[in-house]
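*Asks:* What follows is target-v7.pdb, made up of PDB, C-alpha atoms and all ligand atoms:
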ATOM      1  CA  MET A  25      65.141 -52.687 -70.470
ATOM      2  CA  THR A  26      68.885 -52.507 -69.779
ATOM      3  CA  MET A  27      71.355 -51.168 -72.328
ATOM      4  CA  ALA A  28      74.331 -53.228 -73.420
ATOM      5  CA  PRO A  29      77.542 -52.080 -71.626
ATOM      6  CA  GLY A  30      79.012 -50.391 -74.731
ATOM      7  CA  LEU A  31      75.813 -48.498 -75.454
ATOM      8  CA  ARG A  32      75.439 -47.567 -71.796
ATOM      9  CA  LYS A  33      78.961 -46.069 -71.734
ATOM     10  CA  PHE A  34      78.259 -44.146 -74.918
ATOM     11  CA  ALA A  35      74.922 -42.829 -73.615
ATOM     12  CA  LEU A  36      76.551 -41.863 -70.297
ATOM     13  CA  THR A  37      79.337 -40.010 -72.139
ATOM     14  CA  VAL A  38      76.762 -38.027 -74.132
ATOM     15  CA  HIS A  39      74.835 -37.276 -70.927
ATOM     16  CA  VAL A  40      77.924 -36.032 -69.084
ATOM     17  CA  ILE A  41      79.043 -33.889 -72.051
ATOM     18  CA  CYS A  42      75.597 -32.263 -72.367
ATOM     19  CA  SER A  43      75.050 -31.777 -68.638
ATOM     20  CA  VAL A  44      78.488 -30.520 -67.663
ATOM     21  CA  GLY A  45      78.586 -28.477 -70.900
ATOM     22  CA  LEU A  46      75.355 -26.861 -69.710
ATOM     23  CA  LEU A  47      77.107 -25.664 -66.543
ATOM     24  CA  GLY A  48      79.944 -24.200 -68.631
ATOM     25  CA  ALA A  49      77.511 -22.445 -70.979
ATOM     26  CA  ILE A  50      75.663 -20.888 -68.019
ATOM     27  CA  ALA A  51      78.995 -19.717 -66.577
ATOM     28  CA  GLY A  52      79.725 -17.980 -69.919
ATOM     29  CA  PHE A  53      76.224 -16.481 -69.904
ATOM     30  CA  LEU A  54      76.824 -15.152 -66.377
ATOM     31  CA  ALA A  55      80.112 -13.521 -67.419
ATOM     32  CA  LEU A  56      78.284 -11.729 -70.264
ATOM     33  CA  ALA A  57      75.419 -10.706 -67.948
ATOM     34  CA  ILE A  58      77.918  -9.154 -65.515
ATOM     35  CA  ALA A  59      79.725  -7.388 -68.384
ATOM     36  CA  GLY A  60      76.386  -6.089 -69.724
ATOM     37  CA  LEU A  61      75.419  -4.738 -66.317
ATOM     38  CA  THR A  62      78.707  -3.202 -65.233
ATOM     39  CA  SER A  63      80.482  -2.066 -68.407
ATOM     40  CA  GLN A  64      80.560   1.633 -69.266
ATOM     41  CA  ASN A  65      81.394   0.830 -72.861
ATOM     42  CA  ASP A  66      78.295   0.875 -75.120
ATOM     43  CA  GLN A  67      79.817  -1.516 -77.624
ATOM     44  CA  MET A  68      80.624  -4.029 -74.910
ATOM     45  CA  VAL A  69      77.084  -3.785 -73.467
ATOM     46  CA  ARG A  70      75.497  -4.269 -76.894
ATOM     47  CA  ALA A  71      77.754  -7.182 -77.755
ATOM     48  CA  ALA A  72      77.132  -8.841 -74.373
ATOM     49  CA  TYR A  73      73.317  -8.786 -74.583
ATOM     50  CA  LEU A  74      73.243  -9.836 -78.225
ATOM     51  CA  ALA A  75      75.601 -12.742 -77.489
ATOM     52  CA  MET A  76      73.546 -13.705 -74.434
ATOM     53  CA  GLU A  77      70.438 -14.208 -76.526
ATOM     54  CA  LEU A  78      72.330 -16.449 -78.957
ATOM     55  CA  ILE A  79      73.919 -18.494 -76.176
ATOM     56  CA  ALA A  80      70.630 -18.855 -74.298
ATOM     57  CA  ARG A  81      68.631 -19.902 -77.329
ATOM     58  CA  PHE A  82      71.074 -22.116 -79.182
ATOM     59  CA  VAL A  83      73.396 -23.458 -76.501
ATOM     60  CA  ILE A  84      71.856 -23.345 -73.013
ATOM     61  CA  LEU A  85      68.315 -24.295 -74.008
ATOM     62  CA  ALA A  86      69.550 -27.038 -76.347
ATOM     63  CA  LEU A  87      71.907 -28.474 -73.699
ATOM     64  CA  ALA A  88      69.221 -28.320 -71.000
ATOM     65  CA  PHE A  89      66.828 -30.406 -73.103
ATOM     66  CA  ALA A  90      69.659 -32.728 -74.122
ATOM     67  CA  SER A  91      70.639 -33.192 -70.464
ATOM     68  CA  LEU A  92      67.046 -34.049 -69.513
ATOM     69  CA  LEU A  93      66.612 -36.424 -72.438
ATOM     70  CA  THR A  94      69.938 -38.217 -72.039
ATOM     71  CA  GLY A  95      69.381 -38.386 -68.255
ATOM     72  CA  LEU A  96      66.033 -40.073 -68.826
ATOM     73  CA  ILE A  97      67.679 -42.495 -71.267
ATOM     74  CA  GLN A  98      70.283 -43.300 -68.594
ATOM     75  CA  SER A  99      67.535 -43.970 -66.108
ATOM     76  CA  VAL A 100      65.335 -46.217 -68.182
ATOM     77  CA  GLY A 101      68.281 -47.937 -69.850
ATOM     78  CA  THR A 102      70.098 -48.885 -66.645
ATOM     79  CA  PRO A 103      69.121 -50.593 -63.394
ATOM     80  CA  TRP A 104      68.949 -47.129 -61.765
ATOM     81  CA  GLY A 105      65.430 -46.909 -63.154
ATOM     82  CA  LEU A 106      62.979 -44.042 -63.092
ATOM     83  CA  PHE A 107      61.937 -42.467 -59.760
ATOM     84  CA  ARG A 108      63.563 -45.143 -57.596
ATOM     85  CA  HIS A 109      66.231 -43.049 -55.903
ATOM     86  CA  TYR A 110      65.961 -39.656 -54.238
ATOM     87  CA  TRP A 111      69.157 -38.414 -55.895
ATOM     88  CA  PHE A 112      67.573 -39.117 -59.264
ATOM     89  CA  LEU A 113      64.339 -37.319 -58.367
ATOM     90  CA  VAL A 114      66.223 -34.255 -57.108
ATOM     91  CA  LYS A 115      68.345 -34.156 -60.291
ATOM     92  CA  LEU A 116      65.312 -34.463 -62.521
ATOM     93  CA  LEU A 117      63.286 -31.823 -60.671
ATOM     94  CA  LEU A 118      66.120 -29.288 -60.432
ATOM     95  CA  THR A 119      67.100 -29.649 -64.091
ATOM     96  CA  ALA A 120      63.452 -29.430 -65.204
ATOM     97  CA  PHE A 121      62.903 -26.416 -62.919
ATOM     98  CA  ALA A 122      65.985 -24.618 -64.302
ATOM     99  CA  THR A 123      64.851 -25.340 -67.870
ATOM    100  CA  ILE A 124      61.352 -23.965 -67.221
ATOM    101  CA  VAL A 125      62.757 -20.797 -65.612
ATOM    102  CA  LEU A 126      65.030 -20.350 -68.631
ATOM    103  CA  LEU A 127      62.093 -20.758 -71.024
ATOM    104  CA  VAL A 128      60.131 -18.138 -69.076
ATOM    105  CA  LYS A 129      63.110 -15.759 -69.014
ATOM    106  CA  MET A 130      63.798 -16.050 -72.751
ATOM    107  CA  GLU A 131      61.430 -13.114 -73.222
ATOM    108  CA  LEU A 132      63.509 -10.947 -70.890
ATOM    109  CA  ILE A 133      66.725 -11.972 -72.634
ATOM    110  CA  GLY A 134      65.151 -11.259 -76.026
ATOM    111  CA  TYR A 135      63.938  -7.893 -74.745
ATOM    112  CA  ALA A 136      67.443  -6.878 -73.630
ATOM    113  CA  ALA A 137      68.939  -7.913 -76.976
ATOM    114  CA  ALA A 138      66.208  -6.386 -79.167
ATOM    115  CA  ARG A 139      66.126  -3.142 -77.178
ATOM    116  CA  LEU A 140      69.839  -2.716 -77.666
ATOM    117  CA  SER A 141      69.979  -3.417 -81.364
ATOM    118  CA  ALA A 142      67.128  -0.950 -81.989
ATOM    119  CA  GLU A 143      68.583   1.959 -80.009
ATOM    120  CA  THR A 144      71.344   4.255 -81.124
ATOM    121  CA  THR A 145      71.864   5.574 -77.595
ATOM    122  CA  LEU A 146      71.575   3.250 -74.655
ATOM    123  CA  PHE A 147      69.260   4.183 -71.816
ATOM    124  CA  ARG A 148      71.116   2.571 -69.000
ATOM    125  CA  ALA A 149      68.454   3.103 -66.333
ATOM    126  CA  ASP A 150      65.946   1.304 -68.539
ATOM    127  CA  LEU A 151      68.223  -1.676 -69.013
ATOM    128  CA  ARG A 152      69.546  -1.831 -65.483
ATOM    129  CA  ALA A 153      66.550  -3.641 -64.008
ATOM    130  CA  ALA A 154      66.634  -6.251 -66.781
ATOM    131  CA  GLY A 155      70.428  -6.551 -66.409
ATOM    132  CA  ILE A 156      70.195  -7.158 -62.647
ATOM    133  CA  GLN A 157      67.512  -9.815 -63.157
ATOM    134  CA  LEU A 158      69.666 -11.583 -65.735
ATOM    135  CA  VAL A 159      72.695 -11.671 -63.423
ATOM    136  CA  ILE A 160      70.549 -13.030 -60.582
ATOM    137  CA  HIS A 161      68.972 -15.723 -62.765
ATOM    138  CA  ALA A 162      72.271 -16.791 -64.300
ATOM    139  CA  SER A 163      73.927 -17.074 -60.851
ATOM    140  CA  GLY A 164      70.907 -18.900 -59.435
ATOM    141  CA  GLY A 165      70.803 -21.303 -62.378
ATOM    142  CA  LEU A 166      74.467 -22.094 -62.005
ATOM    143  CA  LEU A 167      74.159 -22.741 -58.264
ATOM    144  CA  VAL A 168      71.016 -24.854 -58.677
ATOM    145  CA  LEU A 169      72.600 -27.026 -61.365
ATOM    146  CA  LEU A 170      75.700 -27.673 -59.275
ATOM    147  CA  VAL A 171      73.459 -29.853 -57.102
ATOM    148  CA  PRO A 172      72.702 -32.420 -59.865
ATOM    149  CA  ALA A 173      76.406 -32.471 -60.764
ATOM    150  CA  ILE A 174      77.386 -33.293 -57.171
ATOM    151  CA  LEU A 175      74.535 -35.787 -56.666
ATOM    152  CA  SER A 176      75.519 -37.594 -59.870
ATOM    153  CA  VAL A 177      78.924 -38.450 -58.536
ATOM    154  CA  TYR A 178      78.035 -39.155 -54.887
ATOM    155  CA  LYS A 179      74.693 -40.855 -55.645
ATOM    156  CA  PRO A 180      73.629 -40.815 -51.979
ATOM    157  CA  ALA A 181      71.665 -43.821 -50.769
ATOM    158  CA  GLY A 182      67.944 -43.382 -50.261
ATOM    159  CA  MET A 183      65.206 -45.084 -52.179
ATOM    160  CA  THR A 184      61.714 -43.848 -52.834
ATOM    161  CA  ARG A 185      58.738 -46.007 -51.849
ATOM    162  CA  TYR A 186      58.337 -46.824 -55.514
ATOM    163  CA  GLY A 187      62.018 -47.852 -55.568
ATOM    164  CA  TRP A 188      61.521 -50.200 -52.631
ATOM    165  CA  ARG A 189      58.595 -51.829 -54.359
ATOM    166  CA  LYS A 190      60.503 -52.240 -57.617
ATOM    167  CA  ARG A 191      63.636 -53.424 -55.868
ATOM    168  CA  SER A 192      62.363 -56.937 -55.467
ATOM    169  CA  ALA A 193      62.209 -57.200 -59.251
ATOM    170  CA  ILE A 194      65.961 -56.527 -59.582
ATOM    171  CA  ALA A 195      68.324 -59.462 -59.228
ATOM    172  CA  PRO A 196      70.424 -58.919 -56.057
ATOM    173  CA  GLY A 197      73.722 -59.292 -57.945
ATOM    174  CA  LEU A 198      72.825 -56.352 -60.143
ATOM    175  CA  HIS A 199      73.086 -53.955 -57.212
ATOM    176  CA  ALA A 200      76.785 -54.628 -56.972
ATOM    177  CA  VAL A 201      77.210 -54.222 -60.733
ATOM    178  CA  VAL A 202      75.696 -50.731 -60.807
ATOM    179  CA  GLY A 203      77.273 -49.704 -57.503
ATOM    180  CA  LEU A 204      74.000 -49.432 -55.581
ATOM    181  CA  GLN A 205      74.242 -49.744 -51.821
ATOM    182  CA  ALA A 206      72.268 -52.728 -50.642
ATOM    183  CA  PRO A 207      69.493 -51.191 -48.535
ATOM    184  CA  LYS A 208      69.315 -52.420 -44.923
ATOM    185  CA  SER A 209      65.609 -52.249 -44.299
ATOM    186  CA  PRO A 210      62.698 -50.770 -46.178
ATOM    187  CA  ALA A 211      61.124 -47.625 -44.762
ATOM    188  CA  SER A 212      57.784 -48.584 -43.323
TER     189      SER A 212
HETATM  190  C1  LIG A 301      72.640 -30.233 -65.126
HETATM  191  C2  LIG A 301      72.125 -31.368 -64.791
HETATM  192  C3  LIG A 301      72.914 -32.648 -64.712
HETATM  193  C4  LIG A 301      74.253 -32.862 -64.487
HETATM  194  C5  LIG A 301      75.348 -31.826 -64.262
HETATM  195  C6  LIG A 301      74.466 -34.293 -64.549
HETATM  196  C7  LIG A 301      75.694 -34.910 -64.443
HETATM  197  C8  LIG A 301      75.900 -36.261 -64.431
HETATM  198  C9  LIG A 301      77.181 -36.918 -64.305
HETATM  199  C10 LIG A 301      78.522 -36.199 -64.163
HETATM  200  C11 LIG A 301      76.947 -38.247 -64.291
HETATM  201  C12 LIG A 301      78.020 -39.355 -64.221
HETATM  202  C13 LIG A 301      78.118 -39.903 -62.821
HETATM  203  C14 LIG A 301      78.913 -41.190 -62.766
HETATM  204  O1  LIG A 301      79.074 -41.880 -63.761
HETATM  205  O2  LIG A 301      79.379 -41.523 -61.654
HETATM  206  C15 LIG A 301      75.530 -38.457 -64.403
HETATM  207  C16 LIG A 301      74.918 -39.697 -64.378
HETATM  208  C17 LIG A 301      73.554 -39.883 -64.397
HETATM  209  N1  LIG A 301      72.585 -38.927 -64.606
HETATM  210 FE1  LIG A 301      72.914 -36.930 -64.767
HETATM  211  N2  LIG A 301      73.259 -34.920 -64.775
HETATM  212  C18 LIG A 301      72.294 -33.951 -64.885
HETATM  213  C19 LIG A 301      70.952 -34.127 -65.115
HETATM  214  C20 LIG A 301      70.321 -35.356 -65.111
HETATM  215  C21 LIG A 301      68.918 -35.568 -65.287
HETATM  216  C22 LIG A 301      67.912 -34.443 -65.545
HETATM  217  C23 LIG A 301      68.688 -36.908 -65.172
HETATM  218  C24 LIG A 301      67.392 -37.654 -65.271
HETATM  219  C25 LIG A 301      66.373 -37.291 -65.976
HETATM  220  C26 LIG A 301      69.948 -37.558 -64.929
HETATM  221  C27 LIG A 301      70.128 -38.915 -64.741
HETATM  222  C28 LIG A 301      71.349 -39.542 -64.558
HETATM  223  C29 LIG A 301      71.533 -40.961 -64.291
HETATM  224  C30 LIG A 301      70.419 -42.002 -64.141
HETATM  225  C31 LIG A 301      72.905 -41.175 -64.172
HETATM  226  C32 LIG A 301      73.592 -42.497 -63.795
HETATM  227  C33 LIG A 301      74.079 -43.184 -65.015
HETATM  228  C34 LIG A 301      74.880 -44.421 -64.656
HETATM  229  O3  LIG A 301      75.598 -44.421 -63.645
HETATM  230  O4  LIG A 301      74.777 -45.360 -65.421
HETATM  231  N3  LIG A 301      70.933 -36.593 -64.921
HETATM  232  N4  LIG A 301      74.905 -37.233 -64.498
END
Output the file's structure as structure tokens, nothing else.

*Replies:*
Amino acid sequence: MTMAPGLRKFALTVHVICSVGLLGAIAGFLALAIAGLTSQNDQMVRAAYLAMELIARFVILALAFASLLTGLIQSVGTPWGLFRHYWFLVKLLLTAFATIVLLVKMELIGYAAARLSAETTLFRADLRAAGIQLVIHASGGLLVLLVPAILSVYKPAGMTRYGWRKRSAIAPGLHAVVGLQAPKSPAS
């Protein structure tokens, strides 16, 4: 099932907006995590952790799922296909991994935000461990998701075994259309 060119462009635009927007949202989250950890100003610390929960729940999580969904639509709706190329597999696994880690860490983010809104005086030692974890996870997430961004543009050659098998079903001319490198010989 291949999308019509206009629809494909539209779907690709949505995918790029969601995926690259996700990187930007994580960068904003990281800035808040650093502010929450290092600031001596109670108001700033409170504001940072409260904002982090909102950004994580309503922006980062939403964009992560949108990136996965629109990426899958790109795959099934274009000759790239599902699971045929290593760059695709790496993108899918890294984005899914980052999304799962975020889902697991939502509790920690919620804890930091709830703890702060309930307290009149901040116990910094108590929050420090959570703050350090959040900075580490935000930096890690950002670094991990740079890989899919780079792979998307370079699309390095390298087909999976499944890709080699499916390749025979694709008309040779289509490879040129989608910019695929014509493979020299199948891996035995
Ligand atoms: C944060 C994660 C991601 C980022 C930053 C990202 C970014 C991008 C960008 C910038 C492109 C455009 C490349 C170009 O047109 O030359 C692209 C294309 C594509 N992406 Fe993603 N992506 C991400 C996740 C995913 C996921 C999870 C999937 C699969 C489930 C996926 C599948 C694809 C496919 C198949 C294309 C090629 C579309 C085409 O050329 O027609 N992406 N991605």

*Asks:* For a test of reading the model, state the distance in Å between atom N2 of ligand LIG 301 (chain A) and atom CA of Val114 of chain A, rounded to one decimal.

*Replies:*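 About the pair atom N2 of ligand LIG 301 (chain A) and atom CA of Val114 of chain A: they are 10.4 Å apart.
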
*Asks:* Please measure the separation of atom CA of Leu158 of chain A and atom CA of Glu143 of chain A, giving the value in Å to one decimal.

*Replies:* 19.7 Å

*Asks:* Could you work out an axis-aligned bounding box for all listed atoms of ligand LIG 301 (chain A), with 4 Å added on each of the six sides, and give its centre and edge lengths in Å to one decimal, as AutoDock Vina command-line options?

*Replies:*
--center_x 72.9 --center_y -37.8 --center_z -63.8 --size_x 21.0 --size_y 23.1 --size_z 12.3

*Asks:* Please write the residues picked by the PyMOL selection byres (((not hetatm)) within 9 of (chain A and resi 301)) on this file as a PyMOL selection string.

*Replies:* chain A and resi 32-33+35-37+39-47+87-106+111-120+122+166+168-179+202-203

*Asks:* From (71.3, -12.8, -74.1), in the file's coordinates, out to 10 Å: which residues are reached, counting all atoms listed in the file? Answer as a list in words.

*Replies:* Phe53, Leu54, Leu56, Ala57, Gly60, Arg70, Ala71, Ala72, Tyr73, Leu74, Ala75, Met76, Glu77, Leu78, Ile79, Ala80, Arg81, Met130, Glu131, Leu132, Ile133, Gly134, Tyr135, Ala136, Ala137, Ala138, Gly155 and Leu158 of chain A

*Asks:* Select, from A:Ile160, A:Ala181, A:Ala51, A:Val128, the residue with the minimum atom-to-atom distance to Val83 of chain A, counting all atoms listed in the file.

*Replies:*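 Of A:Ile160, A:Ala181, A:Ala51, A:Val128, the one nearest Val83 of chain A, counting all atoms listed in the file, is A:Ala51.
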
*Asks:* Can you measure atom CA of Ser163 of chain A to atom CA of Ile50 of chain A for me? One decimal in Å is fine.

*Replies:*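 Spanning atom CA of Ser163 of chain A to atom CA of Ile50 of chain A is a straight-line distance of 8.3 Å.
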
*Asks:* List every residue of segment 34-133 of chain A that has an atom at most 8 Å from any atom of segment 184-190 of chain A, and for each one report the closest atom pair and its distance in Å to one decimal, counting all atoms listed in the file, with rows sorted by chain and then by increasing residue number, as CSV.

*Replies:*
residue,atom,partner,partner_atom,distance
A:Phe107,CA,A:Gly187,CA,6.8
A:Arg108,CA,A:Gly187,CA,3.7
A:His109,CA,A:Thr184,CA,5.5
A:Tyr110,CA,A:Thr184,CA,6.1

*Asks:* Counting all atoms listed in the file, which residue out of A:Arg152, A:Leu61, A:Gly48, A:Lys129 sits closest to Leu167 of chain A?

*Replies:*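 Among A:Arg152, A:Leu61, A:Gly48, A:Lys129, it is A:Gly48 that comes nearest to Leu167 of chain A.
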
*Asks:* Could you list, as a list of chain:residue names, every residue within 8 Å of Leu85 of chain A, counting all atoms listed in the file and ignoring same-chain residues fewer than 5 positions away?

*Replies:* A:Ala80, A:Thr123, A:Leu126, A:Leu127

*Asks:* Nearest to Arg139 of chain A: which of A:Val69, A:Ile58, A:Ile84, A:Met25 is it, counting only C-alpha atoms?

*Replies:* A:Val69
